[in-house]
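Here is the file protein_3.cif (mmCIF, C-alpha atoms).
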```cif
data_run
#
loop_
_atom_site.label_atom_id
_atom_site.label_comp_id
_atom_site.auth_asym_id
_atom_site.auth_seq_id
_atom_site.Cartn_x
_atom_site.Cartn_y
_atom_site.Cartn_z
CA MET A 128 90.59 77.78 119.24
CA ASP A 129 93.48 80.04 120.44
CA SER A 130 94.07 83.54 119.06
CA ASN A 131 96.84 82.40 116.69
CA SER A 132 94.70 79.67 115.08
CA ARG A 133 91.73 82.03 114.93
CA GLY A 134 93.86 84.61 113.10
CA PHE A 135 94.97 82.09 110.50
CA ALA A 136 91.38 80.81 110.09
CA GLU A 137 90.02 84.33 109.53
CA GLY A 138 92.84 85.06 107.12
CA GLU A 139 92.03 81.88 105.18
CA LYS A 140 88.41 82.95 104.68
CA VAL A 141 89.40 86.39 103.39
CA ALA A 142 92.06 84.96 101.06
CA LYS A 143 89.62 82.32 99.75
CA PHE A 144 86.93 84.91 99.05
CA SER A 145 89.51 87.18 97.42
CA THR A 146 90.72 84.35 95.15
CA TYR A 147 87.26 83.66 93.70
CA THR A 148 86.42 87.36 93.40
CA LEU A 149 89.62 88.19 91.54
CA MET A 150 89.23 85.25 89.18
CA GLY A 151 85.79 86.55 88.22
CA ILE A 152 87.01 90.14 87.77
CA GLY A 153 90.02 89.00 85.75
CA ALA A 154 87.92 86.85 83.42
CA VAL A 155 85.51 89.70 82.70
CA GLU A 156 88.30 92.26 82.20
CA VAL A 157 90.32 90.08 79.83
CA LEU A 158 87.21 89.21 77.81
CA VAL A 159 86.08 92.83 77.51
CA GLY A 160 89.68 93.94 76.95
CA GLN A 161 90.02 91.64 73.97
CA LEU A 162 86.64 92.69 72.56
CA SER A 163 87.44 96.39 72.99
CA ASN A 164 91.09 96.02 71.89
CA SER A 165 92.24 97.79 75.08
CA VAL A 166 95.72 96.88 76.32
CA ALA A 167 95.12 98.74 79.60
CA LEU A 168 91.94 96.77 80.32
CA THR A 169 93.57 93.49 79.31
CA ALA A 170 96.58 94.33 81.49
CA ASP A 171 94.31 95.04 84.41
CA GLY A 172 92.57 91.71 83.82
CA LEU A 173 95.89 89.84 83.74
CA ASP A 174 96.83 91.71 86.89
CA ALA A 175 93.60 90.47 88.49
CA PHE A 176 94.45 86.88 87.49
CA GLY A 177 97.92 87.36 88.98
CA ASP A 178 96.32 88.71 92.14
CA ALA A 179 94.01 85.68 92.23
CA CYS A 180 97.07 83.45 92.07
CA ILE A 181 98.65 85.46 94.89
CA SER A 182 95.49 85.18 97.02
CA PHE A 183 95.47 81.43 96.41
CA ILE A 184 99.11 81.16 97.52
CA ILE A 185 98.30 83.21 100.63
CA TRP A 186 95.27 81.02 101.32
CA PHE A 187 97.38 77.86 100.96
CA GLY A 188 100.16 79.32 103.11
CA LEU A 189 97.82 80.28 105.94
CA ARG A 190 96.27 76.81 105.90
CA ILE A 191 99.67 75.10 106.09
CA SER A 192 100.84 77.49 108.81
CA ARG A 193 98.15 76.18 111.18
CA LYS A 194 99.72 72.73 111.28
CA ALA A 195 101.20 71.74 114.62
CA PRO A 196 104.97 71.17 115.03
CA ASP A 197 106.14 67.69 114.09
CA ARG A 198 109.36 65.66 113.93
CA LYS A 199 110.56 67.51 110.83
CA PHE A 200 109.37 71.05 111.55
CA HIS A 201 110.18 71.36 115.24
CA TYR A 202 109.22 75.03 115.42
CA GLY A 203 105.99 74.67 113.49
CA TYR A 204 105.01 75.91 110.04
CA PHE A 205 104.72 79.64 110.77
CA LYS A 206 107.37 80.69 108.23
CA ILE A 207 105.45 78.98 105.43
CA GLU A 208 103.17 82.02 105.60
CA THR A 209 106.13 84.35 105.01
CA PHE A 210 107.52 82.14 102.25
CA THR A 211 104.20 82.21 100.40
CA ALA A 212 104.21 86.01 100.66
CA LEU A 213 107.61 85.99 98.94
CA VAL A 214 106.39 83.64 96.19
CA ALA A 215 103.34 85.84 95.69
CA ALA A 216 105.56 88.89 95.18
CA ILE A 217 107.71 87.05 92.60
CA VAL A 218 104.54 86.15 90.67
CA MET A 219 103.68 89.85 90.67
CA VAL A 220 107.04 90.68 89.05
CA ALA A 221 106.44 88.16 86.26
CA VAL A 222 102.98 89.60 85.55
CA ALA A 223 104.37 93.15 85.49
CA LEU A 224 107.11 92.30 82.97
CA PHE A 225 104.58 90.68 80.63
CA ILE A 226 102.31 93.74 80.83
CA ILE A 227 105.22 96.09 80.09
CA TYR A 228 106.10 94.14 76.95
CA GLU A 229 102.52 94.13 75.65
CA ALA A 230 101.99 97.82 76.45
CA TYR A 231 105.21 98.81 74.70
CA GLN A 232 104.18 96.97 71.54
CA ARG A 233 100.81 98.76 71.59
CA PHE A 234 102.48 102.13 72.24
CA LEU A 235 104.48 101.70 69.03
CA SER A 236 101.34 100.70 67.10
CA PRO A 237 98.31 102.41 68.71
CA THR A 238 94.82 101.43 67.55
CA GLU A 239 91.30 102.76 68.10
CA LEU A 240 89.25 101.02 70.80
CA SER A 241 86.04 99.09 70.19
CA TYR A 242 83.15 99.25 72.67
CA PRO A 243 84.88 101.92 74.81
CA ILE A 244 81.78 102.52 76.98
CA VAL A 245 81.65 98.85 77.97
CA ALA A 246 85.37 98.97 78.76
CA LEU A 247 84.90 102.05 80.95
CA ILE A 248 82.02 100.48 82.91
CA THR A 249 84.03 97.30 83.43
CA LEU A 250 87.04 99.22 84.75
CA LEU A 251 84.90 101.33 87.07
CA GLY A 252 83.45 98.20 88.66
CA ALA A 253 86.90 96.56 88.87
CA GLY A 254 88.21 99.63 90.71
CA ILE A 255 85.42 99.75 93.29
CA ILE A 256 85.13 96.05 94.22
CA PRO A 257 88.71 95.59 95.61
CA LEU A 258 88.23 98.40 98.15
CA TYR A 259 86.28 96.07 100.46
CA ARG A 260 89.10 93.52 100.29
CA VAL A 261 91.55 96.25 101.32
CA TYR A 262 89.51 96.92 104.45
CA GLN A 263 89.22 93.23 105.36
CA MET A 264 92.87 92.37 104.81
CA ASN A 265 94.19 95.48 106.54
CA ARG A 266 92.03 94.80 109.57
CA LEU A 267 93.17 91.19 109.92
CA SER A 268 96.83 91.87 109.13
CA LYS A 269 96.98 94.50 111.88
CA LYS A 270 94.99 92.38 114.33
CA HIS A 271 97.02 89.18 113.88
CA GLY A 272 100.27 90.43 112.32
CA LEU A 273 99.91 88.35 109.16
CA ILE A 274 102.49 89.47 106.61
CA SER A 275 100.86 87.64 103.72
CA LEU A 276 97.56 89.45 104.32
CA LYS A 277 99.48 92.73 104.38
CA VAL A 278 100.84 91.77 100.96
CA GLY A 279 97.26 91.02 99.90
CA ALA A 280 96.09 94.42 101.17
CA TYR A 281 98.89 96.21 99.28
CA ASN A 282 97.96 94.19 96.24
CA SER A 283 94.29 95.16 96.53
CA VAL A 284 95.18 98.86 96.81
CA LYS A 285 97.37 98.49 93.75
CA ASP A 286 94.60 96.55 91.98
CA SER A 287 92.00 99.24 92.65
CA SER A 288 94.36 102.09 91.73
CA GLY A 289 95.39 100.29 88.56
CA SER A 290 91.78 99.89 87.50
CA PHE A 291 91.10 103.61 87.96
CA ILE A 292 94.27 104.50 86.04
CA ALA A 293 93.19 102.16 83.25
CA PHE A 294 89.76 103.83 83.34
CA PHE A 295 91.23 107.28 82.67
CA SER A 296 93.63 105.85 80.07
CA VAL A 297 90.72 104.28 78.16
CA LEU A 298 88.77 107.52 78.57
CA ALA A 299 91.67 109.49 77.03
CA SER A 300 91.90 106.97 74.21
CA TYR A 301 88.14 107.34 73.64
CA PHE A 302 88.70 111.06 73.02
CA GLY A 303 91.41 110.42 70.44
CA LEU A 304 94.64 110.00 72.46
CA HIS A 305 95.04 106.36 71.43
CA GLN A 306 98.55 105.89 72.87
CA MET A 307 97.25 106.65 76.37
CA ASP A 308 95.78 103.15 76.49
CA ALA A 309 99.31 101.71 76.30
CA VAL A 310 100.60 104.29 78.79
CA GLY A 311 97.95 103.16 81.26
CA GLY A 312 99.15 99.57 80.89
CA MET A 313 102.74 100.64 81.66
CA ILE A 314 101.65 102.59 84.75
CA ILE A 315 99.78 99.55 86.05
CA ALA A 316 102.93 97.46 85.56
CA GLY A 317 104.93 100.07 87.50
CA PHE A 318 102.46 99.83 90.39
CA ILE A 319 102.80 96.08 90.44
CA LEU A 320 106.61 96.25 90.52
CA SER A 321 106.66 98.78 93.37
CA VAL A 322 104.37 96.64 95.54
CA ALA A 323 106.39 93.52 94.66
CA TYR A 324 109.63 95.22 95.72
CA VAL A 325 108.29 96.10 99.16
CA SER A 326 106.84 92.62 99.62
CA ILE A 327 110.03 90.82 98.57
CA LYS A 328 112.15 93.00 100.83
CA GLU A 329 109.97 92.50 103.91
CA SER A 330 109.47 88.77 103.41
CA SER A 331 113.17 88.16 102.74
CA LEU A 332 114.20 89.94 105.93
CA VAL A 333 111.83 87.75 107.95
CA LEU A 334 113.12 84.56 106.32
CA VAL A 335 116.73 85.41 107.26
CA ASP A 336 115.67 86.18 110.86
CA ALA A 337 116.19 89.95 110.63
CA CYS A 338 114.26 91.85 113.29
CA HIS A 339 115.04 95.52 113.86
CA CYS A 340 112.89 96.28 116.89
CA PRO A 341 114.84 98.40 119.44
CA ASP A 342 111.64 99.83 120.96
CA LEU A 343 110.25 96.36 121.63
CA ILE A 344 113.53 95.18 123.15
CA GLY A 345 113.58 98.26 125.37
CA GLU A 346 110.01 97.55 126.48
CA ILE A 347 110.92 93.97 127.44
CA LYS A 348 113.90 95.20 129.46
CA THR A 349 111.69 97.71 131.25
CA ILE A 350 109.11 95.04 132.11
CA VAL A 351 111.69 92.60 133.47
CA GLU A 352 114.07 94.92 135.32
CA GLY A 353 111.30 97.14 136.63
CA THR A 354 109.45 94.27 138.30
CA TYR A 355 112.06 91.72 139.38
CA LYS A 356 115.42 91.80 141.11
CA VAL A 357 117.23 90.74 137.97
CA GLN A 358 119.31 92.38 135.29
CA VAL A 359 118.74 91.76 131.59
CA LYS A 360 121.90 90.40 129.96
CA ASP A 361 120.62 90.11 126.41
CA VAL A 362 117.39 90.19 124.37
CA ARG A 363 117.20 88.65 120.93
CA MET A 364 114.12 88.73 118.71
CA ARG A 365 113.23 87.02 115.46
CA LYS A 366 110.10 86.55 113.40
CA LEU A 367 108.22 83.27 113.19
CA GLY A 368 106.05 84.11 110.23
CA PRO A 369 103.53 86.62 111.58
CA TYR A 370 104.68 86.18 115.18
CA LEU A 371 107.77 86.91 117.28
CA ALA A 372 110.17 84.66 119.13
CA CYS A 373 112.11 86.11 122.06
CA GLU A 374 115.32 84.76 123.60
CA LEU A 375 115.94 86.49 126.91
CA SER A 376 119.06 86.12 129.07
CA ILE A 377 119.03 87.48 132.62
CA PHE A 378 121.33 87.75 135.65
CA ALA A 379 119.67 86.61 138.88
CA ASP A 380 120.63 85.71 142.46
CA GLY A 381 122.94 82.70 142.27
CA ASN A 382 121.58 81.35 145.56
CA LEU A 383 118.11 80.73 144.12
CA SER A 384 117.05 77.10 144.00
CA LEU A 385 116.27 75.42 140.69
CA TYR A 386 112.59 75.51 141.60
CA LYS A 387 112.73 79.26 142.29
CA VAL A 388 114.54 79.93 139.03
CA SER A 389 111.89 77.96 137.11
CA GLU A 390 109.14 79.85 138.90
CA LEU A 391 110.83 83.18 138.14
CA ARG A 392 111.16 82.35 134.45
CA GLY A 393 107.48 81.36 134.25
CA THR A 394 106.34 84.58 135.93
CA ILE A 395 108.50 86.76 133.67
CA GLU A 396 107.19 84.94 130.60
CA ASN A 397 103.58 85.50 131.66
CA ASP A 398 104.21 89.19 132.29
CA ILE A 399 105.81 89.68 128.86
CA ARG A 400 102.96 87.88 127.10
CA ARG A 401 100.39 89.95 128.99
CA GLU A 402 102.04 93.26 128.10
CA ILE A 403 103.13 92.52 124.53
CA ASN A 404 100.93 90.90 121.87
CA GLY A 405 102.21 88.68 119.10
CA ILE A 406 105.00 86.82 120.92
CA GLU A 407 104.59 83.13 120.11
CA ARG A 408 107.65 81.73 121.91
CA ILE A 409 109.76 83.00 124.82
CA THR A 410 112.98 81.32 125.93
CA ILE A 411 114.52 82.59 129.17
CA THR A 412 118.01 81.66 130.32
CA ALA A 413 119.08 82.65 133.85
CA TYR A 414 122.72 83.21 134.89
CA PRO A 415 124.08 83.98 138.37
CA TYR A 416 125.46 87.46 138.91
CA PRO A 417 129.22 87.57 138.21
CA THR A 418 131.31 87.02 141.35
CA ASP A 419 134.46 88.71 140.03
CA GLY A 420 133.20 92.19 140.85
CA LYS A 421 132.64 93.16 137.25
CA SER A 422 129.42 94.79 136.11
CA ALA A 423 126.84 92.44 134.64
CA SER A 424 126.61 94.42 131.46
CA SER A 425 124.95 93.26 128.30
CA THR A 426 127.13 91.27 125.93
#
```
Go ahead and render the structure in this file as C-alpha cells.
Amino acid sequence: MDSNSRGFAEGEKVAKFSTYTLMGIGAVEVLVGQLSNSVALTADGLDAFGDACISFIIWFGLRISRKAPDRKFHYGYFKIETFTALVAAIVMVAVALFIIYEAYQRFLSPTELSYPIVALITLLGAGIIPLYRVYQMNRLSKKHGLISLKVGAYNSVKDSSGSFIAFFSVLASYFGLHQMDAVGGMIIAGFILSVAYVSIKESSLVLVDACHCPDLIGEIKTIVEGTYKVQVKDVRMRKLGPYLACELSIFADGNLSLYKVSELRGTIENDIRREINGIERITITAYPYPTDGKSASST
C-alpha cells in the first residue's frame, strides 16, 4: 500500500471510531439533558450527534477517495474528500441555528434544572473524551494533508470546549443563575458557526482550484533551476483533495532529442517528489529557448 492509500486508510479508522464514539456521547447527553431540563446539555448532545454525522461523512469521503481513476473520473476521486468536508461544515451550520433557536426560547423562559449533579458529571466526561480524537486527527491531518480530518480535529476541539462551557453554564444555573444554561447553549452554537465558517472557506477554495502557495512555487523553481540547465517559464499549483498537482513549464536546449527531453522531465519530477511531500501529480512541459533574442521570462 502506497503512502496516499495508507493515509486514507488510517483516516478512515479514526473517522469510524469517532462516529461511534460521538453517537454514544450524544445519546447520553440528550437523554440526561432532557431529564435534567438543561438546554446547554441538550445542545451539546445535539452537537455531538451533528459531529457524529460529520465524522460519518468524512469516513465515507475518505473511503470513496481511495478509488482508482476510471472512465468518468479521469483524475481520481481525491476531491470527494474535500467535498465531504464542505458538506460536513454545512451540517454544522444547521445544527448551530437549531441550538440558537432553542437556547433563545429558554433564555426568555428560564427554568430550574433537575438532577444538576448528573448533568455536570455527564458534561465533564463529554469534555474529556474528545481530546484524544483531537490528537489522532491532528496527527493524521498533518502527516497526510487530509483536509476533512483537519475539519474533524477543529470539530473535536469545538466539541470539547463546548462541553466545558456547558459544564460551567449548568454549574452557574445550579447556584441560581438559571438563564446561564441558555447562555451556554448560545455560546456552543457560536463555536459551531465559527468552525463551520473556516471549514467552508477552506474547502470552497480547494474546490475552485485556488492555491496560494508562493513559497512552494519558489522552492520548485530553486530545485529545477539550481540543478539543471533550464529556466522555469511557469509553475501552476492546484489541490487534488488533500494533495497537490503541479504543472511546470520550462525552457530547455532546443537541440535536445525527444529521448533526452523525456529523460530530463522524469529526472526533474523525481527530484521534486523527493524534496517536496504531498505532490500527487506533476506535469512538465518543455519549450526550446526563444531564438528571437528576447529573455525567456515567465509569462
key: Output check: residues returned by the PyMOL selection byres ((chain A and resi 412) around 7), as JSON, numbers by chain   = {"A": [375, 376, 377, 410, 411, 413, 414]}
inquiry  = Just want the 7 Å neighbourhood of segment 210-219 of chain A, counted on only C-alpha atoms, with same-chain residues fewer than 5 positions away dropped. Output as an NGL selection string.
reply    = :A and (177 or 181 or 184-185 or 188 or 275 or 278 or 319 or 323 or 326-327 or 330)
Can I get the residues of segment 131-211 of chain A within 10 Å of segment 239-263 of chain A, each with the closest pair of atoms and their distance in Å to one decimal, using all atoms listed in the file, sorted chain first then ascending number, as JSON lines?
```
{"residue": "A:Glu137", "atom": "CA", "partner": "A:Gln263", "partner_atom": "CA", "distance": 9.9}
{"residue": "A:Gly138", "atom": "CA", "partner": "A:Gln263", "partner_atom": "CA", "distance": 9.1}
{"residue": "A:Val141", "atom": "CA", "partner": "A:Gln263", "partner_atom": "CA", "distance": 7.1}
{"residue": "A:Ala142", "atom": "CA", "partner": "A:Arg260", "partner_atom": "CA", "distance": 9.1}
{"residue": "A:Phe144", "atom": "CA", "partner": "A:Arg260", "partner_atom": "CA", "distance": 9.0}
{"residue": "A:Ser145", "atom": "CA", "partner": "A:Arg260", "partner_atom": "CA", "distance": 7.0}
{"residue": "A:Thr148", "atom": "CA", "partner": "A:Ile256", "partner_atom": "CA", "distance": 8.8}
{"residue": "A:Leu149", "atom": "CA", "partner": "A:Pro257", "partner_atom": "CA", "distance": 8.5}
{"residue": "A:Ile152", "atom": "CA", "partner": "A:Ala253", "partner_atom": "CA", "distance": 6.5}
{"residue": "A:Gly153", "atom": "CA", "partner": "A:Ala253", "partner_atom": "CA", "distance": 8.8}
{"residue": "A:Val155", "atom": "CA", "partner": "A:Thr249", "partner_atom": "CA", "distance": 7.8}
{"residue": "A:Glu156", "atom": "CA", "partner": "A:Thr249", "partner_atom": "CA", "distance": 6.7}
{"residue": "A:Leu158", "atom": "CA", "partner": "A:Ala246", "partner_atom": "CA", "distance": 10.0}
{"residue": "A:Val159", "atom": "CA", "partner": "A:Ala246", "partner_atom": "CA", "distance": 6.3}
{"residue": "A:Gly160", "atom": "CA", "partner": "A:Ala246", "partner_atom": "CA", "distance": 6.9}
{"residue": "A:Gln161", "atom": "CA", "partner": "A:Ser241", "partner_atom": "CA", "distance": 9.3}
{"residue": "A:Leu162", "atom": "CA", "partner": "A:Ser241", "partner_atom": "CA", "distance": 6.9}
{"residue": "A:Ser163", "atom": "CA", "partner": "A:Ser241", "partner_atom": "CA", "distance": 4.1}
{"residue": "A:Asn164", "atom": "CA", "partner": "A:Leu240", "partner_atom": "CA", "distance": 5.4}
{"residue": "A:Ser165", "atom": "CA", "partner": "A:Leu240", "partner_atom": "CA", "distance": 6.1}
{"residue": "A:Val166", "atom": "CA", "partner": "A:Leu240", "partner_atom": "CA", "distance": 9.5}
{"residue": "A:Ala167", "atom": "CA", "partner": "A:Leu250", "partner_atom": "CA", "distance": 9.6}
{"residue": "A:Leu168", "atom": "CA", "partner": "A:Leu250", "partner_atom": "CA", "distance": 7.0}
{"residue": "A:Thr169", "atom": "CA", "partner": "A:Ala246", "partner_atom": "CA", "distance": 9.9}
{"residue": "A:Asp171", "atom": "CA", "partner": "A:Leu250", "partner_atom": "CA", "distance": 8.4}
{"residue": "A:Gly172", "atom": "CA", "partner": "A:Ala253", "partner_atom": "CA", "distance": 9.0}
{"residue": "A:Ala175", "atom": "CA", "partner": "A:Ala253", "partner_atom": "CA", "distance": 9.1}
```
query = Suppose you want the space between atom CA of Ala221 of chain A and atom CA of Asn265 of chain A; what is it in Å?
reply =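 If I compute the distance from atom CA of Ala221 of chain A to atom CA of Asn265 of chain A, I get 24.8 Å.
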task = Name the residues that the PyMOL selection byres ((chain A and resi 398) around 12) pulls out of this structure, and write them as a VMD selection string.
result = chain A and resid 346 to 355 391 to 397 399 to 404 406 409
Give me a file of those residues, with C-alpha atoms, as a PDB file, in the coordinates of the input.
```pdb
ATOM      1  CA  GLU A 346     110.010  97.550 126.480  1.00  0.00           C
ATOM      2  CA  ILE A 347     110.920  93.970 127.440  1.00  0.00           C
ATOM      3  CA  LYS A 348     113.900  95.200 129.460  1.00  0.00           C
ATOM      4  CA  THR A 349     111.690  97.710 131.250  1.00  0.00           C
ATOM      5  CA  ILE A 350     109.110  95.040 132.110  1.00  0.00           C
ATOM      6  CA  VAL A 351     111.690  92.600 133.470  1.00  0.00           C
ATOM      7  CA  GLU A 352     114.070  94.920 135.320  1.00  0.00           C
ATOM      8  CA  GLY A 353     111.300  97.140 136.630  1.00  0.00           C
ATOM      9  CA  THR A 354     109.450  94.270 138.300  1.00  0.00           C
ATOM     10  CA  TYR A 355     112.060  91.720 139.380  1.00  0.00           C
ATOM     11  CA  LEU A 391     110.830  83.180 138.140  1.00  0.00           C
ATOM     12  CA  ARG A 392     111.160  82.350 134.450  1.00  0.00           C
ATOM     13  CA  GLY A 393     107.480  81.360 134.250  1.00  0.00           C
ATOM     14  CA  THR A 394     106.340  84.580 135.930  1.00  0.00           C
ATOM     15  CA  ILE A 395     108.500  86.760 133.670  1.00  0.00           C
ATOM     16  CA  GLU A 396     107.190  84.940 130.600  1.00  0.00           C
ATOM     17  CA  ASN A 397     103.580  85.500 131.660  1.00  0.00           C
ATOM     18  CA  ILE A 399     105.810  89.680 128.860  1.00  0.00           C
ATOM     19  CA  ARG A 400     102.960  87.880 127.100  1.00  0.00           C
ATOM     20  CA  ARG A 401     100.390  89.950 128.990  1.00  0.00           C
ATOM     21  CA  GLU A 402     102.040  93.260 128.100  1.00  0.00           C
ATOM     22  CA  ILE A 403     103.130  92.520 124.530  1.00  0.00           C
ATOM     23  CA  ASN A 404     100.930  90.900 121.870  1.00  0.00           C
ATOM     24  CA  ILE A 406     105.000  86.820 120.920  1.00  0.00           C
ATOM     25  CA  ILE A 409     109.760  83.000 124.820  1.00  0.00           C
TER      26      ILE A 409
END
```
